[in-house]
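File shown: my_file_0.cif (mmCIF, C-alpha atoms).
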```
data_upload
#
loop_
_atom_site.label_atom_id
_atom_site.label_comp_id
_atom_site.auth_asym_id
_atom_site.auth_seq_id
_atom_site.Cartn_x
_atom_site.Cartn_y
_atom_site.Cartn_z
CA MET A 1 -11.11 19.47 -9.04
CA ALA A 2 -9.40 22.83 -9.40
CA LEU A 3 -8.25 25.31 -6.77
CA LYS A 4 -8.73 29.04 -6.81
CA SER A 5 -6.77 31.75 -4.99
CA TYR A 6 -8.01 35.16 -3.88
CA LYS A 7 -6.91 38.77 -4.01
CA ALA A 8 -5.39 39.79 -0.69
CA ARG A 9 -8.24 42.03 0.45
CA SER A 10 -7.70 40.78 4.01
CA CYS A 11 -5.06 38.80 5.91
CA GLY A 12 -7.28 35.73 5.86
CA MET A 13 -7.56 35.82 2.06
CA ARG A 14 -3.88 36.45 1.31
CA PHE A 15 -2.85 32.77 1.27
CA ARG A 16 -6.28 31.17 1.02
CA GLU A 17 -6.85 28.50 -1.64
CA SER A 18 -10.19 26.77 -1.89
CA ALA A 19 -12.04 24.42 -4.23
CA THR A 20 -13.95 25.79 -7.20
CA PHE A 21 -16.66 23.11 -6.78
CA GLU A 22 -17.06 23.09 -10.56
CA GLU A 23 -17.85 19.34 -10.51
CA ILE A 24 -20.76 19.80 -8.06
CA THR A 25 -24.14 19.74 -9.82
CA GLU A 26 -26.51 19.07 -6.88
CA LYS A 27 -28.26 22.18 -5.55
CA SER A 28 -29.52 20.63 -2.31
CA PRO A 29 -29.23 17.10 -0.82
CA VAL A 30 -31.96 14.47 -0.77
CA LYS A 31 -33.30 15.02 2.76
CA ARG A 32 -34.11 11.36 3.50
CA LEU A 33 -30.53 10.39 2.58
CA THR A 34 -29.02 12.70 5.23
CA LYS A 35 -28.77 12.71 9.00
CA ALA A 36 -27.79 15.36 11.54
CA VAL A 37 -24.30 15.28 13.05
CA ARG A 38 -24.62 15.35 16.84
CA LYS A 39 -21.51 17.04 18.24
CA THR A 40 -20.10 16.13 21.65
CA ALA A 41 -17.33 18.76 21.94
CA GLY A 42 -14.99 15.93 22.97
CA ARG A 43 -16.98 15.08 26.13
CA ASN A 44 -18.17 11.65 27.28
CA ASN A 45 -21.47 10.82 29.00
CA GLN A 46 -20.11 12.20 32.28
CA GLY A 47 -19.25 15.54 30.74
CA ARG A 48 -15.50 14.97 31.01
CA ILE A 49 -13.14 15.87 28.15
CA THR A 50 -11.90 12.65 26.53
CA THR A 51 -10.67 14.27 23.30
CA ARG A 52 -9.01 17.65 23.62
CA HIS A 53 -9.31 20.54 21.17
CA HIS A 54 -12.84 19.74 20.03
CA GLY A 55 -15.82 22.09 20.26
CA GLY A 56 -17.97 24.55 18.36
CA GLY A 57 -18.28 24.33 14.61
CA VAL A 58 -21.13 24.87 12.19
CA LYS A 59 -24.16 22.58 11.95
CA GLN A 60 -23.78 19.76 9.42
CA ARG A 61 -25.94 17.07 7.85
CA MET A 62 -24.03 13.96 6.89
CA ARG A 63 -25.00 12.18 3.68
CA ILE A 64 -25.83 8.48 4.11
CA VAL A 65 -23.50 6.70 1.68
CA ASP A 66 -24.23 3.20 0.35
CA PHE A 67 -20.96 1.39 1.09
CA LYS A 68 -22.47 -2.09 0.61
CA ARG A 69 -23.58 -1.65 -3.05
CA ASN A 70 -25.69 -4.82 -2.73
CA LYS A 71 -28.34 -4.07 -5.41
CA PHE A 72 -26.83 -6.47 -7.93
CA ASP A 73 -27.35 -6.53 -11.70
CA ILE A 74 -29.56 -3.41 -11.70
CA GLU A 75 -28.28 -0.51 -13.81
CA ALA A 76 -28.15 2.93 -12.22
CA THR A 77 -27.76 6.41 -13.69
CA VAL A 78 -25.66 9.17 -12.12
CA LYS A 79 -28.16 11.97 -11.43
CA GLU A 80 -25.91 14.48 -9.61
CA ILE A 81 -22.40 14.98 -8.28
CA ALA A 82 -22.83 16.06 -4.67
CA TYR A 83 -20.87 17.62 -1.80
CA ASP A 84 -20.67 16.15 1.70
CA PRO A 85 -19.51 18.51 4.49
CA THR A 86 -18.39 15.61 6.69
CA ARG A 87 -15.96 13.90 4.28
CA SER A 88 -13.19 14.85 1.85
CA ALA A 89 -14.57 12.93 -1.16
CA TYR A 90 -17.39 14.08 -3.43
CA LEU A 91 -20.47 11.87 -3.81
CA ALA A 92 -22.55 10.72 -6.75
CA LEU A 93 -26.34 10.51 -6.43
CA ILE A 94 -27.43 7.47 -8.45
CA GLU A 95 -30.90 6.31 -9.41
CA TYR A 96 -31.52 2.61 -10.12
CA THR A 97 -33.97 1.55 -12.81
CA ASP A 98 -36.43 0.58 -10.06
CA GLY A 99 -36.43 4.21 -8.83
CA THR A 100 -34.22 3.76 -5.73
CA LEU A 101 -31.90 6.69 -4.94
CA SER A 102 -28.59 6.36 -3.10
CA TYR A 103 -25.27 8.13 -2.64
CA ILE A 104 -21.94 6.50 -3.56
CA LEU A 105 -18.38 7.83 -3.53
CA ALA A 106 -17.69 9.67 -6.79
CA PRO A 107 -14.55 8.31 -8.48
CA GLU A 108 -12.35 10.39 -10.77
CA GLY A 109 -13.96 10.60 -14.21
CA LEU A 110 -17.53 9.79 -13.20
CA LYS A 111 -19.87 12.35 -14.79
CA GLN A 112 -23.54 13.21 -14.63
CA GLY A 113 -25.60 10.90 -16.87
CA MET A 114 -23.14 7.97 -16.84
CA LYS A 115 -24.29 4.42 -16.02
CA VAL A 116 -22.97 2.27 -13.15
CA MET A 117 -23.73 -1.25 -11.99
CA ASN A 118 -23.02 -3.53 -9.01
CA GLY A 119 -22.39 -7.26 -8.84
CA PRO A 120 -20.49 -10.07 -10.58
CA LYS A 121 -22.04 -9.26 -13.98
CA ALA A 122 -20.73 -5.66 -14.00
CA GLU A 123 -17.84 -4.69 -16.26
CA ALA A 124 -14.56 -3.43 -14.78
CA THR A 125 -15.18 0.22 -15.68
CA VAL A 126 -15.06 3.40 -13.58
CA GLY A 127 -17.79 3.49 -10.93
CA ASN A 128 -18.82 -0.16 -11.24
CA CYS A 129 -18.68 -2.33 -8.11
CA LEU A 130 -17.72 -6.00 -8.42
CA PRO A 131 -15.83 -8.76 -6.55
CA LEU A 132 -12.06 -8.32 -6.36
CA VAL A 133 -11.45 -11.70 -7.97
CA GLN A 134 -13.05 -10.43 -11.21
CA ILE A 135 -11.05 -7.18 -11.46
CA PRO A 136 -8.09 -7.31 -13.92
CA LEU A 137 -4.56 -6.97 -12.56
CA GLY A 138 -3.10 -3.46 -12.54
CA LEU A 139 -6.40 -1.61 -12.15
CA PHE A 140 -6.93 0.86 -9.32
CA VAL A 141 -9.88 0.32 -7.00
CA HIS A 142 -11.42 2.07 -3.99
CA ALA A 143 -14.19 1.50 -1.40
CA ILE A 144 -12.96 -2.04 -0.66
CA GLU A 145 -14.54 -4.44 1.81
CA LEU A 146 -12.42 -6.17 4.47
CA VAL A 147 -15.11 -8.81 5.09
CA PRO A 148 -17.51 -9.89 2.29
CA GLY A 149 -20.91 -8.23 2.70
CA LYS A 150 -19.87 -5.92 5.56
CA GLY A 151 -19.47 -2.78 3.44
CA ALA A 152 -16.47 -0.80 2.20
CA LYS A 153 -13.83 0.10 4.80
CA VAL A 154 -10.63 0.76 2.80
CA GLY A 155 -9.82 3.52 0.27
CA ARG A 156 -12.65 5.96 0.96
CA SER A 157 -11.00 9.41 1.29
CA ALA A 158 -10.31 11.90 -1.50
CA GLY A 159 -7.64 10.84 -4.01
CA ASN A 160 -7.18 7.36 -2.51
CA SER A 161 -7.00 4.08 -4.39
CA CYS A 162 -5.45 0.61 -4.12
CA GLN A 163 -3.81 -1.29 -7.00
CA VAL A 164 -4.63 -4.92 -7.79
CA MET A 165 -1.21 -6.61 -7.76
CA ALA A 166 -1.81 -10.38 -7.91
CA ARG A 167 -4.43 -13.12 -7.75
CA ASP A 168 -4.04 -16.61 -6.30
CA GLY A 169 -7.22 -18.67 -6.35
CA ASN A 170 -9.77 -16.77 -4.26
CA LYS A 171 -7.14 -14.49 -2.71
CA VAL A 172 -6.27 -11.07 -4.19
CA THR A 173 -3.22 -8.98 -3.27
CA LEU A 174 -3.61 -5.19 -3.19
CA LYS A 175 -1.09 -2.40 -2.75
CA MET A 176 -2.54 0.13 -0.31
CA PRO A 177 -2.13 3.95 -0.50
CA SER A 178 0.40 3.71 2.38
CA GLY A 179 2.60 1.28 0.42
CA GLU A 180 1.48 -1.74 2.45
CA VAL A 181 0.80 -4.91 0.43
CA ARG A 182 -2.14 -6.89 1.80
CA ILE A 183 -4.17 -10.00 0.92
CA PHE A 184 -7.97 -9.71 0.56
CA ASP A 185 -10.72 -12.27 0.13
CA GLY A 186 -11.65 -12.34 -3.57
CA ARG A 187 -15.37 -12.16 -2.70
CA CYS A 188 -14.94 -8.68 -1.21
CA LEU A 189 -16.54 -5.96 -3.33
CA ALA A 190 -14.51 -3.03 -4.64
CA THR A 191 -15.31 -0.10 -6.91
CA VAL A 192 -13.16 0.52 -9.98
CA GLY A 193 -11.33 3.86 -10.16
CA THR A 194 -9.71 6.40 -7.85
CA VAL A 195 -11.73 8.48 -5.39
CA GLY A 196 -12.25 11.97 -6.84
CA ASN A 197 -11.40 15.40 -5.42
CA LYS A 198 -7.67 14.53 -5.40
CA ASP A 199 -6.60 18.17 -4.80
CA TRP A 200 -8.40 18.24 -1.44
CA GLY A 201 -5.10 17.96 0.43
CA SER A 202 -3.79 21.15 -1.23
CA ILE A 203 -6.55 23.40 0.14
CA LYS A 204 -5.25 26.25 2.34
CA LEU A 205 -7.72 27.54 4.92
CA GLY A 206 -6.13 31.00 5.14
CA LYS A 207 -7.22 31.84 8.69
CA ALA A 208 -7.70 30.20 12.07
CA GLY A 209 -11.44 30.93 12.04
CA ARG A 210 -12.06 28.41 9.26
CA LYS A 211 -10.59 25.72 11.51
CA ARG A 212 -13.10 26.76 14.18
CA TYR A 213 -15.94 26.30 11.67
CA MET A 214 -14.85 22.64 11.49
CA GLY A 215 -15.19 22.20 15.24
CA ILE A 216 -11.43 22.21 15.97
CA ARG A 217 -10.26 24.42 18.85
CA PRO A 218 -6.77 25.87 19.41
CA THR A 219 -3.86 23.68 20.56
CA VAL A 220 -1.23 25.09 22.94
CA ARG A 221 2.27 23.61 22.70
CA GLY A 222 3.57 21.90 25.80
CA VAL A 223 6.88 23.81 25.69
CA ALA A 224 4.93 27.07 25.92
CA MET A 225 3.40 26.06 29.26
CA ASN A 226 4.69 26.17 32.83
CA PRO A 227 6.17 23.05 34.51
CA VAL A 228 3.04 22.69 36.63
CA ASP A 229 0.91 22.32 33.47
CA HIS A 230 3.09 20.10 31.28
CA PRO A 231 6.19 17.88 31.61
CA MET A 232 7.85 19.80 28.76
CA GLY A 233 7.05 23.25 30.19
CA GLY A 234 9.35 25.75 31.85
CA GLY A 235 12.95 26.72 31.18
CA GLU A 236 14.80 30.03 30.93
CA GLY A 237 13.98 31.75 27.64
CA ARG A 238 12.66 29.82 24.69
CA THR A 239 13.42 26.11 24.94
CA SER A 240 12.38 23.10 22.91
CA GLY A 241 11.57 20.96 25.90
CA GLY A 242 14.85 19.44 26.98
CA SER A 243 13.22 16.01 27.32
CA HIS A 244 11.68 13.54 24.95
CA PRO A 245 8.27 14.61 23.53
CA ARG A 246 5.47 13.43 25.78
CA SER A 247 1.82 14.02 26.58
CA PRO A 248 0.61 16.23 29.47
CA TRP A 249 0.30 12.98 31.51
CA GLY A 250 3.89 11.90 30.86
CA GLN A 251 3.30 9.28 28.15
CA LEU A 252 6.04 9.26 25.50
CA ALA A 253 4.73 10.57 22.18
CA LYS A 254 7.23 9.27 19.59
CA GLY A 255 8.86 6.01 18.59
CA GLY A 256 6.52 3.58 20.33
CA LYS A 257 4.79 0.78 18.44
CA THR A 258 1.04 1.36 18.28
CA ARG A 259 -0.03 -1.87 16.53
CA ALA A 260 -0.90 -4.89 18.66
CA LYS A 261 1.67 -7.70 18.22
CA ARG A 262 -0.93 -10.48 18.08
CA LYS A 263 -3.41 -8.76 15.80
CA ALA A 264 -5.32 -11.30 13.69
CA SER A 265 -4.76 -9.36 10.45
CA ASN A 266 -0.95 -9.70 10.72
CA LYS A 267 -1.14 -12.89 8.62
CA VAL A 268 -2.69 -11.07 5.62
CA ILE A 269 0.00 -8.34 5.45
CA VAL A 270 2.63 -9.31 2.90
CA LYS A 271 4.71 -6.13 3.16
CA ARG A 272 4.55 -3.41 5.83
CA ARG A 273 3.86 0.21 4.97
CA LYS A 274 6.81 2.52 4.51
#
```
Please lay out the structure from this file as structure tokens.
Amino acid sequence: MALKSYKARSCGMRFRESATFEEITEKSPVKRLTKAVRKTAGRNNQGRITTRHHGGGVKQRMRIVDFKRNKFDIEATVKEIAYDPTRSAYLALIEYTDGTLSYILAPEGLKQGMKVMNGPKAEATVGNCLPLVQIPLGLFVHAIELVPGKGAKVGRSAGNSCQVMARDGNKVTLKMPSGEVRIFDGRCLATVGTVGNKDWGSIKLGKAGRKRYMGIRPTVRGVAMNPVDHPMGGGEGRTSGGSHPRSPWGQLAKGGKTRAKRKASNKVIVKRRK
């Protein structure tokens, strides 16, 4: 993926950098492999705001991605490289030899016309999906299952990948994008390669309106409010709060542990993230 900048014909274009979409070959999505995104504007079933700063945004149709990759030992051809408005990664539209179409995450280096395969008989090449226990040490993988057969949960966003570090019987150790080292069941499926569109994080929107297109509304700082509206509000002149950062309801915002102490997955973490 490459980024392009614009001539400063307006304030919103002065610092804007967007994707060139040169990898995208699909003109329009396969309708039956999409579904409408129903927006809630951050409200629950009682109409009360449960998530602030949500609302508006353009209509979107999410692509239904095959995260299970359970059509084993059937070769598939990459028909198109596609865009999904609801995720950072690009997708690949593949067609199996039996005529079935499905979307998968498009790894770096996967091109139109290439062949991919799922299952234990697949080779450890880019785009192929196979059990972790069969993937050579040192390779980078993405779209990894946490529980065999439940579908990929780890390493799905643009530019992400995990490295196969060690193998002990049916247990495989992976280094996560965060730096955490974790043990996985060797039967879990993973796709070889790194998720494409790695420059996604460098995109500059250029103007506040493009954030509104995404359904994200403005956020007012607590220190800019009055004391009646926020615990950090008030003060003579411009202040930075004068107290520890906290939410509008008084809950401290920094330094607290957010992971449950007795979480079952603690035993599979070899080394904590940085």
### Query
Taking into account only C-alpha atoms, which residue in the set A:Gly47, A:Pro148, A:Gly42, A:Gly127 is nearest to Thr77 in chain A?
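Ranked by minimum distance to Thr77 in chain A, first place goes to A:Gly127.
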### Message
Quick check, in Å to one decimal: how far apart do CA of Arg259 in chain A and CA of Gly155 in chain A lie?
### Response
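Interatomic distance, CA of Arg259 in chain A to CA of Gly155 in chain A: 19.7 Å.
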### Message
Counting only C-alpha atoms, which residues sit no farther than 7 Å from the position (-11.3, 29.1, -6.3) in the file's frame? I'd like them as a list in words.
### Response
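So the residues meeting the distance criterion are Leu3, Lys4, Ser5, Glu17, Ser18, Ala19 and Thr20 of chain A.
Run against this file, the PyMOL selection byres ((chain A and resi 74) around 7) gives back Lys71, Phe72, Asp73, Glu75, Ala76, Tyr96, Thr97 and Met117 of chain A.
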### Shortest interatomic distance to Arg246 in chain A - which of A:Lys31, A:Lys198, A:Arg182, A:His230, counting all atoms listed in the file
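Smallest separation from Arg246 in chain A among the options: A:His230.
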### Target residues per the PyMOL selection byres ((chain A and resi 116) around 12), formatted as JSON, numbers by chain
{"A": [69, 71, 72, 73, 74, 75, 76, 77, 78, 79, 92, 93, 94, 95, 96, 97, 104, 106, 107, 110, 111, 112, 113, 114, 115, 117, 118, 119, 121, 122, 123, 124, 125, 126, 127, 128, 129, 130, 191, 192]}
Hey, can you spit out that residue selection with C-alpha atoms as an mmCIF file, in the coordinates of the input?
```
data_model
loop_
_atom_site.group_PDB
_atom_site.id
_atom_site.type_symbol
_atom_site.label_atom_id
_atom_site.label_comp_id
_atom_site.auth_asym_id
_atom_site.auth_seq_id
_atom_site.Cartn_x
_atom_site.Cartn_y
_atom_site.Cartn_z
ATOM 1 C CA ARG A 69 -23.580 -1.650 -3.050
ATOM 2 C CA LYS A 71 -28.340 -4.070 -5.410
ATOM 3 C CA PHE A 72 -26.830 -6.470 -7.930
ATOM 4 C CA ASP A 73 -27.350 -6.530 -11.700
ATOM 5 C CA ILE A 74 -29.560 -3.410 -11.700
ATOM 6 C CA GLU A 75 -28.280 -0.510 -13.810
ATOM 7 C CA ALA A 76 -28.150 2.930 -12.220
ATOM 8 C CA THR A 77 -27.760 6.410 -13.690
ATOM 9 C CA VAL A 78 -25.660 9.170 -12.120
ATOM 10 C CA LYS A 79 -28.160 11.970 -11.430
ATOM 11 C CA ALA A 92 -22.550 10.720 -6.750
ATOM 12 C CA LEU A 93 -26.340 10.510 -6.430
ATOM 13 C CA ILE A 94 -27.430 7.470 -8.450
ATOM 14 C CA GLU A 95 -30.900 6.310 -9.410
ATOM 15 C CA TYR A 96 -31.520 2.610 -10.120
ATOM 16 C CA THR A 97 -33.970 1.550 -12.810
ATOM 17 C CA ILE A 104 -21.940 6.500 -3.560
ATOM 18 C CA ALA A 106 -17.690 9.670 -6.790
ATOM 19 C CA PRO A 107 -14.550 8.310 -8.480
ATOM 20 C CA LEU A 110 -17.530 9.790 -13.200
ATOM 21 C CA LYS A 111 -19.870 12.350 -14.790
ATOM 22 C CA GLN A 112 -23.540 13.210 -14.630
ATOM 23 C CA GLY A 113 -25.600 10.900 -16.870
ATOM 24 C CA MET A 114 -23.140 7.970 -16.840
ATOM 25 C CA LYS A 115 -24.290 4.420 -16.020
ATOM 26 C CA MET A 117 -23.730 -1.250 -11.990
ATOM 27 C CA ASN A 118 -23.020 -3.530 -9.010
ATOM 28 C CA GLY A 119 -22.390 -7.260 -8.840
ATOM 29 C CA LYS A 121 -22.040 -9.260 -13.980
ATOM 30 C CA ALA A 122 -20.730 -5.660 -14.000
ATOM 31 C CA GLU A 123 -17.840 -4.690 -16.260
ATOM 32 C CA ALA A 124 -14.560 -3.430 -14.780
ATOM 33 C CA THR A 125 -15.180 0.220 -15.680
ATOM 34 C CA VAL A 126 -15.060 3.400 -13.580
ATOM 35 C CA GLY A 127 -17.790 3.490 -10.930
ATOM 36 C CA ASN A 128 -18.820 -0.160 -11.240
ATOM 37 C CA CYS A 129 -18.680 -2.330 -8.110
ATOM 38 C CA LEU A 130 -17.720 -6.000 -8.420
ATOM 39 C CA THR A 191 -15.310 -0.100 -6.910
ATOM 40 C CA VAL A 192 -13.160 0.520 -9.980
#
```
#### Entry: Contacts of range 207-223 of chain A within 12 Å, all atoms listed in the file, excl. fewer than 4 positions in-chain, as a VMD selection string
chain A and resid 10 to 18 37 to 42 51 to 60 85 to 87 203 227 to 250 253
If the PyMOL selection byres ((chain A and resi 142-144) around 7) were run on this exact file, what residues would it hold? Put them as a PDB file with C-alpha atoms, keeping the file's coordinate frame.
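Here's the written file result16.pdb:
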```pdb
ATOM      1  CA  VAL A 141      -9.880   0.320  -7.000  1.00  0.00           C
ATOM      2  CA  GLU A 145     -14.540  -4.440   1.810  1.00  0.00           C
ATOM      3  CA  LEU A 146     -12.420  -6.170   4.470  1.00  0.00           C
ATOM      4  CA  ALA A 152     -16.470  -0.800   2.200  1.00  0.00           C
ATOM      5  CA  LYS A 153     -13.830   0.100   4.800  1.00  0.00           C
ATOM      6  CA  VAL A 154     -10.630   0.760   2.800  1.00  0.00           C
ATOM      7  CA  GLY A 155      -9.820   3.520   0.270  1.00  0.00           C
ATOM      8  CA  ARG A 156     -12.650   5.960   0.960  1.00  0.00           C
ATOM      9  CA  ASN A 160      -7.180   7.360  -2.510  1.00  0.00           C
ATOM     10  CA  SER A 161      -7.000   4.080  -4.390  1.00  0.00           C
ATOM     11  CA  CYS A 162      -5.450   0.610  -4.120  1.00  0.00           C
ATOM     12  CA  CYS A 188     -14.940  -8.680  -1.210  1.00  0.00           C
ATOM     13  CA  LEU A 189     -16.540  -5.960  -3.330  1.00  0.00           C
ATOM     14  CA  ALA A 190     -14.510  -3.030  -4.640  1.00  0.00           C
ATOM     15  CA  THR A 191     -15.310  -0.100  -6.910  1.00  0.00           C
ATOM     16  CA  VAL A 192     -13.160   0.520  -9.980  1.00  0.00           C
ATOM     17  CA  GLY A 193     -11.330   3.860 -10.160  1.00  0.00           C
ATOM     18  CA  THR A 194      -9.710   6.400  -7.850  1.00  0.00           C
ATOM     19  CA  VAL A 195     -11.730   8.480  -5.390  1.00  0.00           C
TER      20      VAL A 195
END
```
#### Entry: Atomic distance CA of Phe184 in chain A - CA of Val268 in chain A, expressed in Å with one decimal
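These two atoms are separated by 7.4 Å.
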